[in-house]
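Engineer: Got a file for you: query-v3.cif, mmCIF, C-alpha atoms.
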```cif
data_protein
loop_
_atom_site.label_atom_id
_atom_site.label_comp_id
_atom_site.auth_asym_id
_atom_site.auth_seq_id
_atom_site.Cartn_x
_atom_site.Cartn_y
_atom_site.Cartn_z
CA MET A 319 199.66 146.64 52.75
CA LEU A 320 203.42 146.34 53.18
CA SER A 321 204.96 148.43 55.95
CA LYS A 322 207.41 151.13 55.06
CA LYS A 323 209.87 150.16 57.82
CA GLY A 324 213.51 150.23 57.02
CA CYS A 325 213.47 151.44 53.45
CA ALA A 326 216.69 153.41 53.92
CA ILE A 327 218.53 156.57 54.88
CA LEU A 328 219.55 159.67 53.02
CA SER A 329 221.37 162.28 55.02
CA GLY A 330 223.97 164.98 55.39
CA LEU A 331 224.49 168.40 53.88
CA ALA A 332 225.48 167.00 50.50
CA THR A 333 222.21 165.11 50.37
CA SER A 334 220.31 168.35 50.80
CA PHE A 335 222.17 169.76 47.81
CA TYR A 336 221.47 166.70 45.67
CA PHE A 337 217.78 166.64 46.44
CA SER A 338 217.35 170.36 45.86
CA THR A 339 218.39 169.87 42.22
CA ILE A 340 216.43 166.73 41.24
CA SER A 341 212.85 165.54 41.00
CA PRO A 342 211.40 162.08 41.72
CA ALA A 343 210.32 159.92 38.80
CA SER A 344 206.95 161.00 37.50
CA ALA A 345 204.11 158.70 38.49
CA ALA A 346 202.59 159.30 35.07
CA ALA A 347 205.56 157.57 33.45
CA ILE A 348 204.88 154.25 35.16
CA ILE A 349 203.06 151.92 32.78
CA HIS A 350 203.24 148.76 34.90
CA SER A 351 201.17 148.24 38.01
CA ARG A 352 203.17 148.20 41.23
CA ASP A 353 203.29 149.54 44.77
CA PRO A 354 205.30 152.73 44.11
CA ALA A 355 207.16 152.27 47.38
CA SER A 356 208.11 148.66 47.33
CA SER A 357 207.23 146.01 44.76
CA ALA A 358 206.93 144.77 41.18
CA ASN A 359 205.54 141.37 40.22
CA ASP A 360 205.49 141.30 36.43
CA TRP A 361 207.02 137.82 36.29
CA ASP A 362 204.31 136.21 38.42
CA PRO A 363 202.03 135.04 35.56
CA VAL A 364 204.95 133.26 33.91
CA LEU A 365 206.32 131.86 37.17
CA ASP A 366 202.84 130.67 38.15
CA GLY A 367 202.38 128.90 34.81
CA ASP A 368 199.32 130.92 33.75
CA SER A 369 198.17 129.81 30.30
CA GLY A 370 197.79 133.39 29.08
CA ALA A 371 201.10 134.64 30.47
CA GLU A 372 202.97 136.94 28.10
CA CYS A 373 206.74 136.72 27.73
CA ALA A 374 208.75 139.94 27.89
CA ASP A 375 211.45 141.10 25.51
CA LEU A 376 213.57 142.00 28.53
CA ALA A 377 212.89 140.38 31.90
CA VAL A 378 214.59 142.10 34.84
CA ILE A 379 214.87 140.77 38.39
CA PHE A 380 216.03 143.02 41.24
CA ALA A 381 217.38 142.21 44.71
CA ARG A 382 216.74 145.06 47.15
CA GLY A 383 219.10 146.36 49.83
CA THR A 384 219.25 145.69 53.55
CA PHE A 385 216.21 147.01 55.44
CA ASP A 386 214.19 147.55 52.24
CA GLU A 387 210.55 146.43 52.26
CA GLY A 388 208.49 144.79 49.54
CA ASN A 389 210.46 143.07 46.80
CA LEU A 390 212.10 146.11 45.16
CA GLY A 391 212.55 148.57 48.00
CA CYS A 392 211.66 152.24 47.93
CA TRP A 393 215.05 153.91 47.47
CA VAL A 394 216.75 152.26 44.50
CA GLY A 395 214.77 149.34 43.07
CA GLY A 396 211.48 151.16 42.63
CA LEU A 397 213.08 154.21 41.04
CA PHE A 398 215.20 152.02 38.78
CA HIS A 399 211.99 150.28 37.66
CA ASP A 400 210.46 153.64 36.74
CA ALA A 401 213.57 154.83 34.91
CA LEU A 402 213.74 151.59 32.93
CA ILE A 403 210.08 151.77 31.89
CA ASN A 404 210.55 155.43 30.92
CA GLN A 405 213.35 154.54 28.51
CA SER A 406 211.92 151.31 27.08
CA SER A 407 209.87 152.59 24.15
CA GLY A 408 209.05 149.66 21.91
CA ILE A 409 210.53 147.13 24.33
CA LYS A 410 208.31 144.89 26.40
CA ILE A 411 209.75 145.04 29.95
CA ALA A 412 208.83 142.75 32.85
CA MET A 413 210.33 143.48 36.26
CA GLN A 414 210.30 141.35 39.37
CA GLY A 415 211.75 141.68 42.86
CA VAL A 416 213.15 138.78 44.87
CA SER A 417 210.43 137.39 47.15
CA PRO A 418 210.51 138.78 50.71
CA SER A 419 209.51 135.33 51.96
CA ASP A 420 212.83 134.01 50.65
CA TYR A 421 214.89 137.12 51.32
CA PRO A 422 214.12 139.21 54.42
CA ALA A 423 216.89 141.73 53.53
CA ASP A 424 217.97 141.90 57.17
CA LEU A 425 221.33 142.89 58.59
CA ALA A 426 222.15 139.32 59.64
CA GLY A 427 222.08 138.08 56.05
CA TYR A 428 224.51 140.80 55.09
CA VAL A 429 227.06 140.71 57.91
CA LYS A 430 227.05 136.94 58.47
CA GLU A 431 226.66 135.59 54.93
CA GLY A 432 228.13 138.31 52.74
CA GLY A 433 224.76 138.51 51.01
CA SER A 434 221.79 136.27 51.72
CA ASP A 435 222.19 132.72 50.43
CA THR A 436 218.43 132.24 50.29
CA CYS A 437 218.16 135.38 48.16
CA ALA A 438 220.62 133.96 45.65
CA LYS A 439 218.77 130.62 45.50
CA SER A 440 215.38 132.29 45.10
CA LEU A 441 216.67 134.60 42.38
CA GLY A 442 218.35 131.74 40.54
CA THR A 443 215.22 129.58 40.70
CA ALA A 444 213.06 132.43 39.37
CA VAL A 445 215.45 133.01 36.45
CA GLN A 446 215.53 129.31 35.59
CA THR A 447 211.74 129.04 35.68
CA TYR A 448 211.22 132.17 33.61
CA ASN A 449 213.81 131.05 31.07
CA SER A 450 212.27 127.60 30.74
CA ARG A 451 208.89 129.13 29.88
CA CYS A 452 210.12 132.15 27.91
CA PRO A 453 213.32 130.94 26.22
CA SER A 454 213.43 133.86 23.79
CA SER A 455 213.36 136.52 26.54
CA LYS A 456 216.57 138.30 27.46
CA ILE A 457 217.14 138.38 31.22
CA ALA A 458 218.99 140.90 33.41
CA ILE A 459 219.86 140.52 37.10
CA TRP A 460 220.18 143.65 39.23
CA GLY A 461 220.81 144.44 42.88
CA TRP A 462 221.68 147.20 45.31
CA SER A 463 223.77 146.89 48.48
CA GLN A 464 223.22 143.43 49.98
CA GLY A 465 221.11 142.80 46.89
CA ALA A 466 224.22 143.33 44.76
CA LEU A 467 225.94 140.53 46.69
CA CYS A 468 222.84 138.39 46.17
CA ALA A 469 223.05 139.10 42.44
CA HIS A 470 226.68 137.96 42.38
CA LYS A 471 225.89 134.79 44.32
CA SER A 472 222.95 134.00 42.06
CA VAL A 473 225.30 133.45 39.13
CA GLY A 474 226.05 130.06 40.66
CA GLU A 475 222.33 129.20 40.79
CA LEU A 476 221.36 129.80 37.16
CA GLY A 477 222.04 126.45 35.52
CA ASN A 478 221.40 126.48 31.78
CA ALA A 479 219.53 129.79 32.09
CA ALA A 480 222.88 131.57 32.40
CA ASP A 481 223.08 131.77 28.61
CA SER A 482 220.00 134.03 28.55
CA VAL A 483 221.33 136.48 31.16
CA ILE A 484 222.68 139.43 29.19
CA ALA A 485 223.54 141.73 32.11
CA LEU A 486 224.35 141.78 35.80
CA GLY A 487 223.86 145.29 37.19
CA VAL A 488 224.77 146.54 40.66
CA PHE A 489 224.46 149.75 42.65
CA GLY A 490 226.78 150.39 45.62
CA ASP A 491 228.32 146.95 45.18
CA PRO A 492 230.21 145.80 48.34
CA VAL A 493 231.70 142.71 46.67
CA GLY A 494 235.22 144.19 46.80
CA ILE A 495 235.21 144.27 50.61
CA TRP A 496 233.88 140.71 50.90
CA GLN A 497 236.01 138.82 48.40
CA ASP A 498 238.77 138.08 50.90
CA THR A 499 236.40 135.83 52.87
CA ILE A 500 233.62 134.90 50.41
CA SER A 501 234.15 133.22 47.04
CA TYR A 502 231.60 134.65 44.61
CA PRO A 503 230.95 132.85 41.31
CA PRO A 504 232.63 134.41 38.28
CA VAL A 505 230.33 136.28 35.92
CA PRO A 506 230.24 134.62 32.47
CA SER A 507 231.97 136.55 29.71
CA SER A 508 228.67 136.66 27.81
CA THR A 509 227.05 138.65 30.64
CA LYS A 510 227.72 142.40 30.68
CA VAL A 511 228.53 143.79 34.14
CA LEU A 512 227.09 147.25 34.82
CA SER A 513 228.32 148.73 38.12
CA TYR A 514 227.55 152.11 39.69
CA CYS A 515 229.34 153.52 42.74
CA GLU A 516 228.97 157.00 44.22
CA GLN A 517 232.38 158.68 43.88
CA THR A 518 231.76 162.41 44.31
CA THR A 519 230.71 162.01 47.93
CA PRO A 520 232.16 158.51 48.31
CA ASP A 521 230.09 155.47 49.18
CA PRO A 522 232.43 153.57 51.53
CA LEU A 523 230.96 150.17 50.60
CA CYS A 524 232.38 150.44 47.08
CA THR A 525 235.05 153.14 47.19
CA SER A 526 237.26 155.01 49.67
CA VAL A 527 236.38 155.88 53.26
CA THR A 528 236.46 159.60 54.03
CA GLU A 529 235.11 159.67 57.60
CA ASP A 530 236.53 158.43 60.87
CA PHE A 531 234.41 156.00 62.86
CA PRO A 532 234.79 154.74 66.44
CA SER A 533 236.58 151.41 66.66
CA ASP A 534 234.38 149.96 69.42
CA PRO A 535 231.07 148.28 68.51
CA VAL A 536 228.72 150.39 70.61
CA GLY A 537 230.46 153.62 69.66
CA PHE A 538 230.25 152.69 66.00
CA ILE A 539 226.50 152.02 66.16
CA ASP A 540 225.96 155.25 68.08
CA ARG A 541 227.85 157.15 65.37
CA LEU A 542 225.60 155.68 62.66
CA VAL A 543 222.48 156.55 64.64
CA ALA A 544 223.72 160.11 65.06
CA MET A 545 224.17 160.38 61.28
CA PHE A 546 220.65 159.09 60.68
CA LYS A 547 219.18 161.65 63.07
CA GLN A 548 220.79 164.45 61.01
CA VAL A 549 218.80 163.53 57.91
CA ASP A 550 217.31 166.39 55.93
CA SER A 551 213.95 164.96 54.83
CA THR A 552 212.71 168.11 53.10
CA HIS A 553 212.72 166.53 49.65
CA MET A 554 211.49 163.09 50.65
CA ASP A 555 207.97 161.94 49.96
CA ALA A 556 205.68 160.71 52.73
CA THR A 557 206.67 157.07 52.23
CA GLN A 558 210.36 157.87 52.56
CA LYS A 559 209.83 160.03 55.63
CA ALA A 560 207.89 157.26 57.34
CA ALA A 561 210.54 154.71 56.37
CA LEU A 562 213.31 156.93 57.67
CA ALA A 563 211.58 157.37 61.02
CA ASP A 564 211.28 153.60 61.39
CA LEU A 565 214.86 152.97 60.28
CA VAL A 566 216.31 155.20 62.98
CA ILE A 567 214.91 152.60 65.37
CA GLU A 568 215.29 149.42 63.33
CA LEU A 569 218.90 149.67 62.16
CA PRO A 570 220.49 150.11 65.60
CA LYS A 571 218.17 147.43 66.96
CA GLN A 572 219.37 144.89 64.40
CA ALA A 573 222.97 146.04 64.70
CA LYS A 574 222.98 145.55 68.47
CA ASN A 575 221.81 141.98 67.87
CA GLN A 576 224.99 141.51 65.85
CA LEU A 577 227.48 143.08 68.29
CA SER A 578 229.56 139.90 68.41
CA GLN A 579 229.94 139.89 64.61
CA LEU A 580 230.71 143.61 64.61
CA GLY A 581 233.43 143.06 67.19
CA LYS A 582 234.96 140.28 65.07
CA ASP A 583 234.87 142.48 61.99
CA ILE A 584 236.60 145.31 63.84
CA VAL A 585 239.39 142.99 65.01
CA SER A 586 239.82 141.45 61.54
CA GLY A 587 239.89 144.81 59.77
CA HIS A 588 236.45 144.49 58.18
CA LEU A 589 234.71 147.46 59.81
CA ARG A 590 234.15 149.01 56.39
CA ARG A 591 231.54 146.33 55.68
CA TRP A 592 229.32 148.00 58.25
CA MET A 593 229.56 151.54 56.85
CA LEU A 594 225.98 151.91 55.67
CA THR A 595 226.40 155.65 55.43
CA PRO A 596 223.99 158.09 53.76
CA GLN A 597 226.03 158.12 50.54
CA HIS A 598 225.18 154.46 50.03
CA PHE A 599 221.50 155.33 49.59
CA TRP A 600 221.69 157.99 46.88
CA TYR A 601 221.50 155.89 43.73
CA GLY A 602 217.74 156.17 43.36
CA ASN A 603 217.62 159.94 43.81
CA ASP A 604 220.77 161.42 42.27
CA GLY A 605 220.11 160.36 38.68
CA THR A 606 222.21 157.17 38.76
CA VAL A 607 219.18 154.96 38.10
CA ASN A 608 218.51 156.92 34.91
CA THR A 609 222.05 156.31 33.68
CA ALA A 610 221.77 152.64 34.61
CA ALA A 611 218.45 152.28 32.77
CA LYS A 612 219.93 153.86 29.64
CA ASP A 613 222.91 151.51 29.82
CA MET A 614 220.64 148.50 30.32
CA ILE A 615 218.54 149.36 27.28
CA GLY A 616 221.76 149.77 25.30
CA VAL A 617 222.93 146.29 26.28
CA TYR A 618 219.56 144.83 25.32
CA GLN A 619 219.54 146.56 21.94
CA GLY A 620 223.00 145.19 21.25
CA ARG A 621 221.85 141.63 21.98
CA ARG A 622 218.33 141.49 20.50
#
```
Show this structure as structure tokens.
Structural biologist:
Amino acid sequence: MLSKKGCAILSGLATSFYFSTISPASAAAIIHSRDPASSANDWDPVLDGDSGAECADLAVIFARGTFDEGNLGCWVGGLFHDALINQSSGIKIAMQGVSPSDYPADLAGYVKEGGSDTCAKSLGTAVQTYNSRCPSSKIAIWGWSQGALCAHKSVGELGNAADSVIALGVFGDPVGIWQDTISYPPVPSSTKVLSYCEQTTPDPLCTSVTEDFPSDPVGFIDRLVAMFKQVDSTHMDATQKAALADLVIELPKQAKNQLSQLGKDIVSGHLRRWMLTPQHFWYGNDGTVNTAAKDMIGVYQGRR
């Protein structure tokens, strides 16, 4: 059984308002077998070369965010999976997360690499293999947070399979605050980019910063920890509550192992890269995944 550690944070007064007006995806709507907190492995029969493997109409691969467990994560990827299945009447969907053995989704991969390189390679290899065995399937690449950066990087790992990728979708995409130091491959014109960023209560990784943060490394980490401890967990399920409790410990622990990098980023004006604030974790619970699923189905229907 996968641990729930580090799935994510949702906090603040605005979060309480959001969660009081929405409901989690209904378990009854899920028609594919998966761990509801963490993982989906629909591509495995094809990737493993099983003789009876069935090709999907739309094959989706998702890269989870930093600290997420499993291969989808419990805050965005899993809920996006459910929303997509809910809206896919008549469309055979297969969803897969990037392997945790290739992509640990740790803070080091984010702050040192601008998105895990091994994630991008693993994702690209999976897409190439799936495409070689199911050439008629349409493929979509998705990611949240560090996973969005992985999705961008994977474009350079697709080879001839790039022609079958109809969409690249991202939630809370930090690529704009990394492009001055990392060169991400351009997305082909044949691939539709679908991007979702929280604007109402801004997600600082993809839009403006509205809060002041300390400019010293330890003070900055302490500020994040204080925000996490203010979480209103009333509307979280048991998995999310357990994950949140673990994250309050795990995030500062990993951040303190990267104090040198944090100090460099403060000096170079890149502190915003570290602003993993509560707003960055809302996409799975504020209805954004439902909008994204609808848009994804629309892209597929336009390309079938």
Engineer: Given all atoms listed in the file as the basis, pick out the residue of A:Ala573, A:Ala381, A:Leu376, A:Ala444 nearest to Leu476 in chain A.
Structural biologist: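 Going through A:Ala573, A:Ala381, A:Leu376, A:Ala444 one by one, the smallest distance to Leu476 in chain A is for A:Ala444.
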Engineer: Evaluate the PyMOL selection byres ((chain A and resi 580-587) around 10) against this structure - the residues, as a list in words, please.
Structural biologist: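 Selected by the PyMOL selection byres ((chain A and resi 580-587) around 10) in this file: Val429, Lys430, Pro532, Ser533, Asp534, Pro535, Val536, Phe538, Ile539, Ala573, Lys574, Asn575, Gln576, Leu577, Ser578, Gln579, His588, Leu589, Arg590, Arg591 and Trp592 of chain A.
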Engineer: Report as JSON lines the residues of range 367-466 of chain A within 12 Å of range 508-522 of chain A, each with its shortest atom pair and distance in Å (one decimal), using only C-alpha atoms, ordered by chain and increasing residue number.
Structural biologist:
```
{"residue": "A:Val394", "atom": "CA", "partner": "A:Tyr514", "partner_atom": "CA", "distance": 11.8}
{"residue": "A:Lys456", "atom": "CA", "partner": "A:Thr509", "partner_atom": "CA", "distance": 11.0}
{"residue": "A:Ile457", "atom": "CA", "partner": "A:Thr509", "partner_atom": "CA", "distance": 9.9}
{"residue": "A:Ala458", "atom": "CA", "partner": "A:Thr509", "partner_atom": "CA", "distance": 8.8}
{"residue": "A:Ile459", "atom": "CA", "partner": "A:Val511", "partner_atom": "CA", "distance": 9.7}
{"residue": "A:Trp460", "atom": "CA", "partner": "A:Leu512", "partner_atom": "CA", "distance": 9.0}
{"residue": "A:Gly461", "atom": "CA", "partner": "A:Ser513", "partner_atom": "CA", "distance": 9.9}
{"residue": "A:Trp462", "atom": "CA", "partner": "A:Tyr514", "partner_atom": "CA", "distance": 9.5}
{"residue": "A:Ser463", "atom": "CA", "partner": "A:Cys515", "partner_atom": "CA", "distance": 10.4}
{"residue": "A:Ala466", "atom": "CA", "partner": "A:Ser513", "partner_atom": "CA", "distance": 9.5}
```
Engineer: Just say which residues the PyMOL selection byres ((chain A and resi 355-369) around 9) picks in this file, as a PDB file with C-alpha atoms, in the coordinates of the input.
Structural biologist:
```pdb
ATOM      1  CA  LEU A 320     203.420 146.340  53.180  1.00  0.00           C
ATOM      2  CA  LYS A 322     207.410 151.130  55.060  1.00  0.00           C
ATOM      3  CA  CYS A 325     213.470 151.440  53.450  1.00  0.00           C
ATOM      4  CA  HIS A 350     203.240 148.760  34.900  1.00  0.00           C
ATOM      5  CA  SER A 351     201.170 148.240  38.010  1.00  0.00           C
ATOM      6  CA  ARG A 352     203.170 148.200  41.230  1.00  0.00           C
ATOM      7  CA  ASP A 353     203.290 149.540  44.770  1.00  0.00           C
ATOM      8  CA  PRO A 354     205.300 152.730  44.110  1.00  0.00           C
ATOM      9  CA  GLY A 370     197.790 133.390  29.080  1.00  0.00           C
ATOM     10  CA  ALA A 371     201.100 134.640  30.470  1.00  0.00           C
ATOM     11  CA  GLU A 372     202.970 136.940  28.100  1.00  0.00           C
ATOM     12  CA  CYS A 373     206.740 136.720  27.730  1.00  0.00           C
ATOM     13  CA  ALA A 374     208.750 139.940  27.890  1.00  0.00           C
ATOM     14  CA  ALA A 377     212.890 140.380  31.900  1.00  0.00           C
ATOM     15  CA  VAL A 378     214.590 142.100  34.840  1.00  0.00           C
ATOM     16  CA  ILE A 379     214.870 140.770  38.390  1.00  0.00           C
ATOM     17  CA  ASP A 386     214.190 147.550  52.240  1.00  0.00           C
ATOM     18  CA  GLU A 387     210.550 146.430  52.260  1.00  0.00           C
ATOM     19  CA  GLY A 388     208.490 144.790  49.540  1.00  0.00           C
ATOM     20  CA  ASN A 389     210.460 143.070  46.800  1.00  0.00           C
ATOM     21  CA  LEU A 390     212.100 146.110  45.160  1.00  0.00           C
ATOM     22  CA  GLY A 391     212.550 148.570  48.000  1.00  0.00           C
ATOM     23  CA  CYS A 392     211.660 152.240  47.930  1.00  0.00           C
ATOM     24  CA  TRP A 393     215.050 153.910  47.470  1.00  0.00           C
ATOM     25  CA  GLY A 395     214.770 149.340  43.070  1.00  0.00           C
ATOM     26  CA  GLY A 396     211.480 151.160  42.630  1.00  0.00           C
ATOM     27  CA  LEU A 397     213.080 154.210  41.040  1.00  0.00           C
ATOM     28  CA  HIS A 399     211.990 150.280  37.660  1.00  0.00           C
ATOM     29  CA  ILE A 411     209.750 145.040  29.950  1.00  0.00           C
ATOM     30  CA  ALA A 412     208.830 142.750  32.850  1.00  0.00           C
ATOM     31  CA  MET A 413     210.330 143.480  36.260  1.00  0.00           C
ATOM     32  CA  GLN A 414     210.300 141.350  39.370  1.00  0.00           C
ATOM     33  CA  GLY A 415     211.750 141.680  42.860  1.00  0.00           C
ATOM     34  CA  ALA A 444     213.060 132.430  39.370  1.00  0.00           C
ATOM     35  CA  THR A 447     211.740 129.040  35.680  1.00  0.00           C
ATOM     36  CA  TYR A 448     211.220 132.170  33.610  1.00  0.00           C
ATOM     37  CA  ARG A 451     208.890 129.130  29.880  1.00  0.00           C
ATOM     38  CA  CYS A 452     210.120 132.150  27.910  1.00  0.00           C
ATOM     39  CA  THR A 557     206.670 157.070  52.230  1.00  0.00           C
ATOM     40  CA  GLN A 558     210.360 157.870  52.560  1.00  0.00           C
TER      41      GLN A 558
END
```
Engineer: CA of Ser551 in chain A to CA of Thr595 in chain A: how many Å, to one decimal?
Structural biologist: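 If I compute the distance from CA of Ser551 in chain A to CA of Thr595 in chain A, I get 15.6 Å.
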Engineer: Just to confirm, what's the straight-line distance from CA of Arg621 in chain A to CA of Gly487 in chain A in Å (one decimal)?
Structural biologist: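 According to the coordinates, CA of Arg621 in chain A and CA of Gly487 in chain A are separated by 15.8 Å.
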Engineer: Name the residues captured by the PyMOL selection byres ((chain A and resi 567) around 12) when it is applied to the shown file; answer as a list of chain:residue names.
Structural biologist: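 That selection, the PyMOL selection byres ((chain A and resi 567) around 12), comes back as A:Lys323, A:Gly324, A:Ala326, A:Ile327, A:Phe385, A:Ile539, A:Asp540, A:Leu542, A:Val543, A:Ala544, A:Phe546, A:Lys547, A:Ala560, A:Ala561, A:Leu562, A:Ala563, A:Asp564, A:Leu565, A:Val566, A:Glu568, A:Leu569, A:Pro570, A:Lys571, A:Gln572, A:Ala573, A:Lys574.
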Engineer: Quick one: everything within 8 Å of Gln464 in chain A, counting all atoms listed in the file, minus sequence neighbours fewer than 6 positions away in the same chain. Send it as a PDB file with C-alpha atoms, keeping the file's coordinate frame.
Structural biologist:
```pdb
ATOM      1  CA  ALA A 381     217.380 142.210  44.710  1.00  0.00           C
ATOM      2  CA  ARG A 382     216.740 145.060  47.150  1.00  0.00           C
ATOM      3  CA  GLY A 383     219.100 146.360  49.830  1.00  0.00           C
ATOM      4  CA  THR A 384     219.250 145.690  53.550  1.00  0.00           C
ATOM      5  CA  ALA A 423     216.890 141.730  53.530  1.00  0.00           C
ATOM      6  CA  TYR A 428     224.510 140.800  55.090  1.00  0.00           C
ATOM      7  CA  GLY A 432     228.130 138.310  52.740  1.00  0.00           C
ATOM      8  CA  GLY A 433     224.760 138.510  51.010  1.00  0.00           C
ATOM      9  CA  SER A 434     221.790 136.270  51.720  1.00  0.00           C
ATOM     10  CA  ASP A 491     228.320 146.950  45.180  1.00  0.00           C
ATOM     11  CA  PRO A 492     230.210 145.800  48.340  1.00  0.00           C
TER      12      PRO A 492
END
```
Engineer: Hey, can you check how far CA of Val483 in chain A sits from CA of Pro422 in chain A?
Structural biologist: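 Atom-to-atom, CA of Val483 in chain A and CA of Pro422 in chain A are spaced 24.5 Å apart.
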Engineer: Have a look at A:Gln597, A:Gln497, A:Thr525, A:Ser417 and name the one nearest to Gly442 in chain A; count all atoms listed in the file.
Structural biologist: A:Ser417
Engineer: Please rebuild range 589-602 of chain A with N, CA and C atoms and give the result as a compact mmCIF listing (two decimals), in the coordinates of the input.
Structural biologist:
```txt
# COMPACT_ATOMS: atom_id res chain seq x y z
N LEU A 589 235.71 146.50 59.35
CA LEU A 589 234.71 147.46 59.81
C LEU A 589 234.01 148.14 58.63
N ARG A 590 234.73 148.31 57.54
CA ARG A 590 234.15 149.01 56.39
C ARG A 590 232.87 148.33 55.89
N ARG A 591 232.74 147.04 56.11
CA ARG A 591 231.54 146.33 55.68
C ARG A 591 230.27 146.88 56.34
N TRP A 592 230.46 147.50 57.47
CA TRP A 592 229.32 148.00 58.25
C TRP A 592 228.98 149.45 57.94
N MET A 593 229.72 150.10 57.06
CA MET A 593 229.56 151.54 56.85
C MET A 593 228.40 151.86 55.92
N LEU A 594 227.20 151.60 56.42
CA LEU A 594 225.98 151.91 55.67
C LEU A 594 225.66 153.39 55.83
N THR A 595 226.52 154.21 55.28
CA THR A 595 226.40 155.65 55.43
C THR A 595 225.38 156.23 54.45
N PRO A 596 224.99 157.48 54.64
CA PRO A 596 223.99 158.09 53.76
C PRO A 596 224.34 158.00 52.28
N GLN A 597 225.63 158.14 51.94
CA GLN A 597 226.03 158.12 50.54
C GLN A 597 225.64 156.83 49.84
N HIS A 598 225.51 155.76 50.60
CA HIS A 598 225.18 154.46 50.03
C HIS A 598 223.74 154.39 49.53
N PHE A 599 222.93 155.37 49.90
CA PHE A 599 221.50 155.33 49.59
C PHE A 599 221.09 156.34 48.52
N TRP A 600 222.02 156.92 47.81
CA TRP A 600 221.69 157.99 46.88
C TRP A 600 221.31 157.53 45.48
N TYR A 601 221.58 156.31 45.13
CA TYR A 601 221.50 155.89 43.73
C TYR A 601 220.12 156.07 43.10
N GLY A 602 219.08 156.00 43.90
CA GLY A 602 217.74 156.17 43.36
C GLY A 602 217.35 157.61 43.16
```
